[in-house]
Amino acid sequence: MLLYNLRLAWHSLRRYPMLSALIIAGIALGVGVATPAITTLHVLGQDPIPQRSSVLYYVRMDSWDPVAPHPSASGIPSQITYRDMREIMKSRIPVRQTASFPAALYIYPADRNVRPSRETVRLVFSDFFPMFDVPFRYGSGWDKAADAKPEAVVVISHALNARLFGGHDSVGRTIRIADRELRVVGVLAPWRPRIRFYDLLGNATREPESIFMPFNWIEPMEIHSAGTRDGWKAMEGNPTYLESLHASETVFLQMWVELPDPARARAYHDFLDAYVREQKRFGRFQRPLDNRVTPLLDLMAEWQIVGPYFKAIAAISILFLIVASLNLIGLFLGKFLARAPVVGIRRALGASRSAIFLQHLIECELVGLIGGGLGLLMSAGVLAVMNKGFERITHIEDLFQLDAVMVLAAVLLSLAAGAIAGIYPAWRICSLPPAQHLKNQ
Amino acid sequence: MEFGPILRAAIHHRARTILIVAEVALTLAIVTNCLSLIRNLKSFLTHESGFDDDNMLSVVSEPFDVAFKEDAYQIASIDDDVRRLGAMAGVSAASTTNFLPWAGSGNSGEVKIVGGPDTRFRSQQYVADPHLFDTLGVHVIRGRTFTPQEYESSASPNNTAFSTVVTKALADRIFPGEEALGKRLENPDHTQVYTIVGIIDKFYNPFEPIDEHACFFPGRSNSYLVRAEPGKAELLVPRIERALLRANDGRNVRVRTLREVRSDYDYSYQLAVIPLNLVMILLIVVTALGIVGITSFSVAERRRQIGTRRALGATREAILRHFLLENWLVTTAGALLGLGLAVALNVGLVTLVAGAKIEWPVLAAGVALLWTVGLLATLGPALRASRVPPAIATRNV
């Protein structure tokens, strides 16, 4: 029966080729606009590290000015201070934990004639690599002993390894950063998360850094943050960098903890509250108690990692598909009504109303699917153009790609468009009294 | 006018009427919201900085030589750079400052009035040498820029009293209706006092909501702004890099024209404007085609009726007028409904995602657009209707 209906639909399409082409083009346009729009939301909004996102929590504490809340939308600082990080890192509740911050440091090539180059560096604790599932090509991260000392070790990116060591296994070789020689213990495999989930501040689509080194080098090398620093309290006198590090209220550290279950998350939250209450006795943390231990995905939602304009454009694109389908109602209606005499004969020969309805709806859905297929091709083209456009900002060549979910979405969208366009005309044609159109013949 | 027959026809063909009304209404709602979002985005793109953007260059020195860790060495190097930049052929002004227009970011901080209530005023805060305002091409409308003494003493670590130059917008906010010149501000910790010595006329750097509010303090930075003689900015890029590296090799130097910086800043807004424009145009095309389709069927269906009217004496013009008027009425009904939808969609978008409140000129433009599109789309089928021969009435009865 389905086959018969499909054959009827096919005949009907061929009978009015111009009209059919117009209808198919309408659906193709609608799907071709709506699919790329939801693909952007899908790509940017999807869980960047699904295997671990449920156990990764971001730590914030309201250490801000007693007089006024932090000016951000969240009302509390986005990062924590050095002194607080030192204290809360003593907690044994998290399975793993790391503070981190970005820096920009010069590395000096062995060849003295080549100019030193400024590289992006992130200072992290050893837990950083297993916590965020960082992929290694050669070697591995460092151990806790290297954290504590700190040892002169680094992990370098795949790209930096290609540049410095021609892509060979460079574990055991050294690179010079500022005035230190550091030994390479690990080389990353190519690693380019679409969202840089371990640092969501600022442009979250940036590349991971080229160099990762033990956090505790911050003091001996006096490394300054190259990222966001936020302060409210000036320091008396002229403190040195180290003095200010230990006494300042400036926030510049991103703190992540791994908590295997909600009970531990609550325990950790209680621990932070207890720490802040104790600090309050020393005159710090004078704002109302507000510590937050936020799961990764909730933080992405809170900080609107998918920009609001993406959502606005997606909403408008879906409305566009709906309007395109509405337009097709009129075309289908005209087409079906022109065929009313034929339908009248079929009805008179005993075809039931539901058979007629089904026949016409199937024709609409066939058109929807053909249009959807063309729309999908168009989407691929649109996404290719968009990728070109975004490459300048994100330096990712293929940021947006159609995956199985999006192909399925396109198919569903085209079926929906076929239904929106087809249900009313199909109902109209099946409810026409057969006699009226027979008379005129 | 033939309102009667038109209304009766519209009621008789309810489905068709409702369809066009719905299409027009939704199209109007979407188009006006697109326009509103585009206007919102364009306001970022077309905003004047108030500076001589076209002729300026940004120069950043990134020292790696350990000698730069000594303050005295660093200061001497900066002064030397400023002198060299100012003396270069094709350069009309050069200045050291950590202010970079159109970087999409900046520094900010709070000040309060000395002895005043504990009200804090957040503004952008930058250090600069006395020549910054010349370099930017803005005017000190009251007071003066920093003196060489104020600039030199800023480097001394124990200094707690500074002079400051503020923008007119900031002066008017802190001291509404009063003369701000000579007034004293301080930081919230009361550790530094700033005396306002000058007020500049214009300033804009995107930093919501303090786009136009800034204060400048005397001080040095590793970055410079350079104003080139008209048309020479591009030429100066490699020359400046070479000149500064020749002066001191222990660093990298990055030089960019401000036009390039601005185009990077604008780029992300253009990325949003292009798809919105595209959707809007496609939508109008699709709607126009839809109206053509529906009206064509309605004409085809009424051929005999039209022929009868022609036979009874209606002119071609009367038939044409009938269809155009019919369409205009239906479009107008759709537009009225669409105005409501547009506002509703706008409220939804603004509260849930982004954008600004829709303004009535946008709505008016949308209605005008749809009237035009509606009439143009009807014109073809209506002309065909007017050419239906009266003789058709006699056939087939």
# chains A, B, ... in the order shown; residues from 1 in each chain; ligands from 1

call {"tool": "interface_residues", "arguments": {"of": "chain B", "to": "chain A", "cutoff": "6 Å", "atoms": "only C-alpha atoms", "output": "ChimeraX atom specification"}}
result
/B:290,293-294,297,353-354

call {"tool": "write_last_selection", "arguments": {"atoms": "C-alpha atoms", "output": "JSON list (two decimals), in the first residue's frame"}}
result
[["chain", "number", "residue", "atom", "x", "y", "z"],
["B", 290, "GLY", "CA", 3.92, 31.87, -1.57],
["B", 293, "GLY", "CA", 1.23, 30.82, -5.73],
["B", 294, "ILE", "CA", -1.91, 31.34, -3.70],
["B", 297, "PHE", "CA", -4.71, 29.59, -7.82],
["B", 353, "VAL", "CA", 18.69, 35.38, 24.51],
["B", 354, "ALA", "CA", 19.85, 38.69, 23.12]]

call {"tool": "select_by_dssp", "arguments": {"residues": "region 9-105 of chain B", "states": "alpha helix (DSSP H)", "output": "MDAnalysis selection string"}}
result
chainID B and resid 9:12 14:45 71:87

call {"tool": "write_last_selection", "arguments": {"atoms": "C-alpha atoms", "output": "PDB file, in the first residue's frame"}}
result
ATOM      1  CA  ALA B   9     -14.720  36.401  -1.324  1.00  0.00           C
ATOM      2  CA  ALA B  10     -12.262  36.484   1.556  1.00  0.00           C
ATOM      3  CA  ILE B  11     -14.793  34.913   3.897  1.00  0.00           C
ATOM      4  CA  HIS B  12     -15.790  32.333   1.310  1.00  0.00           C
ATOM      5  CA  ARG B  14     -11.298  31.336   4.508  1.00  0.00           C
ATOM      6  CA  ALA B  15      -8.355  28.948   4.213  1.00  0.00           C
ATOM      7  CA  ARG B  16      -6.600  31.041   1.600  1.00  0.00           C
ATOM      8  CA  THR B  17      -7.153  34.247   3.524  1.00  0.00           C
ATOM      9  CA  ILE B  18      -6.010  32.809   6.823  1.00  0.00           C
ATOM     10  CA  LEU B  19      -2.938  31.371   5.126  1.00  0.00           C
ATOM     11  CA  ILE B  20      -1.805  34.681   3.670  1.00  0.00           C
ATOM     12  CA  VAL B  21      -2.576  36.491   6.918  1.00  0.00           C
ATOM     13  CA  ALA B  22      -0.500  33.961   8.878  1.00  0.00           C
ATOM     14  CA  GLU B  23       2.371  34.096   6.394  1.00  0.00           C
ATOM     15  CA  VAL B  24       2.477  37.863   6.332  1.00  0.00           C
ATOM     16  CA  ALA B  25       2.199  38.070  10.111  1.00  0.00           C
ATOM     17  CA  LEU B  26       5.023  35.600  10.765  1.00  0.00           C
ATOM     18  CA  THR B  27       7.192  37.117   8.072  1.00  0.00           C
ATOM     19  CA  LEU B  28       6.716  40.579   9.514  1.00  0.00           C
ATOM     20  CA  ALA B  29       7.541  39.316  12.997  1.00  0.00           C
ATOM     21  CA  ILE B  30      10.737  37.621  11.854  1.00  0.00           C
ATOM     22  CA  VAL B  31      11.887  40.336   9.464  1.00  0.00           C
ATOM     23  CA  THR B  32      11.448  43.115  11.979  1.00  0.00           C
ATOM     24  CA  ASN B  33      13.265  41.151  14.660  1.00  0.00           C
ATOM     25  CA  CYS B  34      16.101  40.411  12.233  1.00  0.00           C
ATOM     26  CA  LEU B  35      16.254  44.100  11.378  1.00  0.00           C
ATOM     27  CA  SER B  36      16.258  45.003  15.041  1.00  0.00           C
ATOM     28  CA  LEU B  37      19.094  42.556  15.814  1.00  0.00           C
ATOM     29  CA  ILE B  38      21.046  43.815  12.807  1.00  0.00           C
ATOM     30  CA  ARG B  39      20.594  47.426  13.896  1.00  0.00           C
ATOM     31  CA  ASN B  40      21.723  46.433  17.357  1.00  0.00           C
ATOM     32  CA  LEU B  41      24.856  44.765  15.968  1.00  0.00           C
ATOM     33  CA  LYS B  42      25.514  47.536  13.457  1.00  0.00           C
ATOM     34  CA  SER B  43      25.608  50.091  16.245  1.00  0.00           C
ATOM     35  CA  PHE B  44      28.814  48.361  17.367  1.00  0.00           C
ATOM     36  CA  LEU B  45      30.184  48.306  13.838  1.00  0.00           C
ATOM     37  CA  ASP B  71      63.030  49.157  36.270  1.00  0.00           C
ATOM     38  CA  ALA B  72      65.620  51.756  35.283  1.00  0.00           C
ATOM     39  CA  TYR B  73      66.566  49.795  32.138  1.00  0.00           C
ATOM     40  CA  GLN B  74      62.924  49.343  31.198  1.00  0.00           C
ATOM     41  CA  ILE B  75      62.135  53.044  31.706  1.00  0.00           C
ATOM     42  CA  ALA B  76      65.166  54.123  29.678  1.00  0.00           C
ATOM     43  CA  SER B  77      64.156  51.761  26.878  1.00  0.00           C
ATOM     44  CA  ILE B  78      60.580  53.071  26.788  1.00  0.00           C
ATOM     45  CA  ASP B  79      61.734  56.698  26.718  1.00  0.00           C
ATOM     46  CA  ASP B  80      64.183  55.857  23.953  1.00  0.00           C
ATOM     47  CA  ASP B  81      61.429  54.123  21.953  1.00  0.00           C
ATOM     48  CA  VAL B  82      59.061  57.079  22.266  1.00  0.00           C
ATOM     49  CA  ARG B  83      61.797  59.452  21.148  1.00  0.00           C
ATOM     50  CA  ARG B  84      62.672  57.276  18.146  1.00  0.00           C
ATOM     51  CA  LEU B  85      59.067  56.774  17.134  1.00  0.00           C
ATOM     52  CA  GLY B  86      58.333  60.504  17.368  1.00  0.00           C
ATOM     53  CA  ALA B  87      61.353  61.348  15.220  1.00  0.00           C
TER      54      ALA B  87
END

call {"tool": "closest_residue", "arguments": {"among": "B:Leu363, B:Leu325, B:Glu110, B:Ile199", "to": "Asp172 (chain B)", "atoms": "only C-alpha atoms"}}
result
B:Ile199

call {"tool": "atom_distance", "arguments": {"atom1": "CA of Tyr241 (chain A)", "atom2": "CA of Gly109 (chain B)"}}
result
20.6 Å

call {"tool": "residues_around", "arguments": {"residues": "Val95 (chain A)", "least_positions_apart": "2", "cutoff": "7 Å", "atoms": "only C-alpha atoms", "output": "PyMOL selection string"}}
result
chain A and resi 93+97+258-259

call {"tool": "residues_around", "arguments": {"residues": "Val226 (chain B)", "least_positions_apart": "4", "cutoff": "9 Å", "atoms": "only C-alpha atoms", "output": "VMD selection string"}}
result
chain B and resid 55 to 59 85 to 86 91 to 96 135 to 136 233

call {"tool": "residues_around", "arguments": {"residues": "Val299 (chain B)", "least_positions_apart": "3", "cutoff": "9 Å", "atoms": "only C-alpha atoms", "output": "NGL selection string"}}
result
:B and (294-296 or 302-303 or 306 or 323 or 381-382 or 384-385)

call {"tool": "closest_residue", "arguments": {"among": "B:Glu152, B:Asp65, B:Glu179, B:Asp134", "to": "Asn252 (chain B)", "atoms": "only C-alpha atoms"}}
result
B:Asp65

call {"tool": "residues_around", "arguments": {"residues": "region 209-221 of chain B", "least_positions_apart": "2", "cutoff": "8 Å", "atoms": "only C-alpha atoms", "output": "mmCIF file with C-alpha atoms, in the first residue's frame"}}
result
data_model
loop_
_atom_site.group_PDB
_atom_site.id
_atom_site.type_symbol
_atom_site.label_atom_id
_atom_site.label_comp_id
_atom_site.auth_asym_id
_atom_site.auth_seq_id
_atom_site.Cartn_x
_atom_site.Cartn_y
_atom_site.Cartn_z
ATOM 1 C CA ILE B 75 62.135 53.044 31.706
ATOM 2 C CA ILE B 78 60.580 53.071 26.788
ATOM 3 C CA THR B 96 53.432 55.362 25.413
ATOM 4 C CA THR B 97 50.170 54.083 26.883
ATOM 5 C CA ASN B 98 48.511 50.829 27.799
ATOM 6 C CA ARG B 122 33.823 52.585 37.733
ATOM 7 C CA SER B 123 35.634 53.759 34.628
ATOM 8 C CA GLN B 124 38.320 52.634 32.244
ATOM 9 C CA GLN B 125 41.762 53.453 33.607
ATOM 10 C CA TYR B 126 44.944 53.758 31.594
ATOM 11 C CA VAL B 127 48.446 55.139 31.966
ATOM 12 C CA ALA B 128 49.817 57.489 29.337
ATOM 13 C CA ASP B 129 52.489 60.065 28.661
ATOM 14 C CA PRO B 130 51.627 63.745 28.050
ATOM 15 C CA PHE B 146 50.282 66.090 32.241
ATOM 16 C CA GLU B 150 54.051 64.855 36.784
ATOM 17 C CA TYR B 151 55.049 62.272 34.200
ATOM 18 C CA SER B 154 54.871 58.883 38.378
ATOM 19 C CA ALA B 155 57.709 56.386 38.101
ATOM 20 C CA PHE B 162 48.879 61.851 40.869
ATOM 21 C CA SER B 163 47.316 64.091 38.310
ATOM 22 C CA THR B 164 44.646 62.688 36.075
ATOM 23 C CA VAL B 165 42.947 63.596 32.796
ATOM 24 C CA VAL B 166 39.343 62.405 32.534
ATOM 25 C CA THR B 167 36.809 62.218 29.728
ATOM 26 C CA LYS B 168 34.003 64.761 29.653
ATOM 27 C CA ALA B 169 31.457 61.956 30.070
ATOM 28 C CA LEU B 170 33.127 60.783 33.277
ATOM 29 C CA LYS B 202 35.552 62.677 23.305
ATOM 30 C CA PHE B 203 36.436 59.082 23.995
ATOM 31 C CA TYR B 204 34.922 55.765 23.048
ATOM 32 C CA ASN B 205 36.180 52.272 23.680
ATOM 33 C CA PRO B 206 33.618 49.450 23.869
ATOM 34 C CA PHE B 207 33.475 48.436 27.521
ATOM 35 C CA SER B 223 53.038 49.517 24.278
ATOM 36 C CA TYR B 224 52.744 52.601 22.141
#
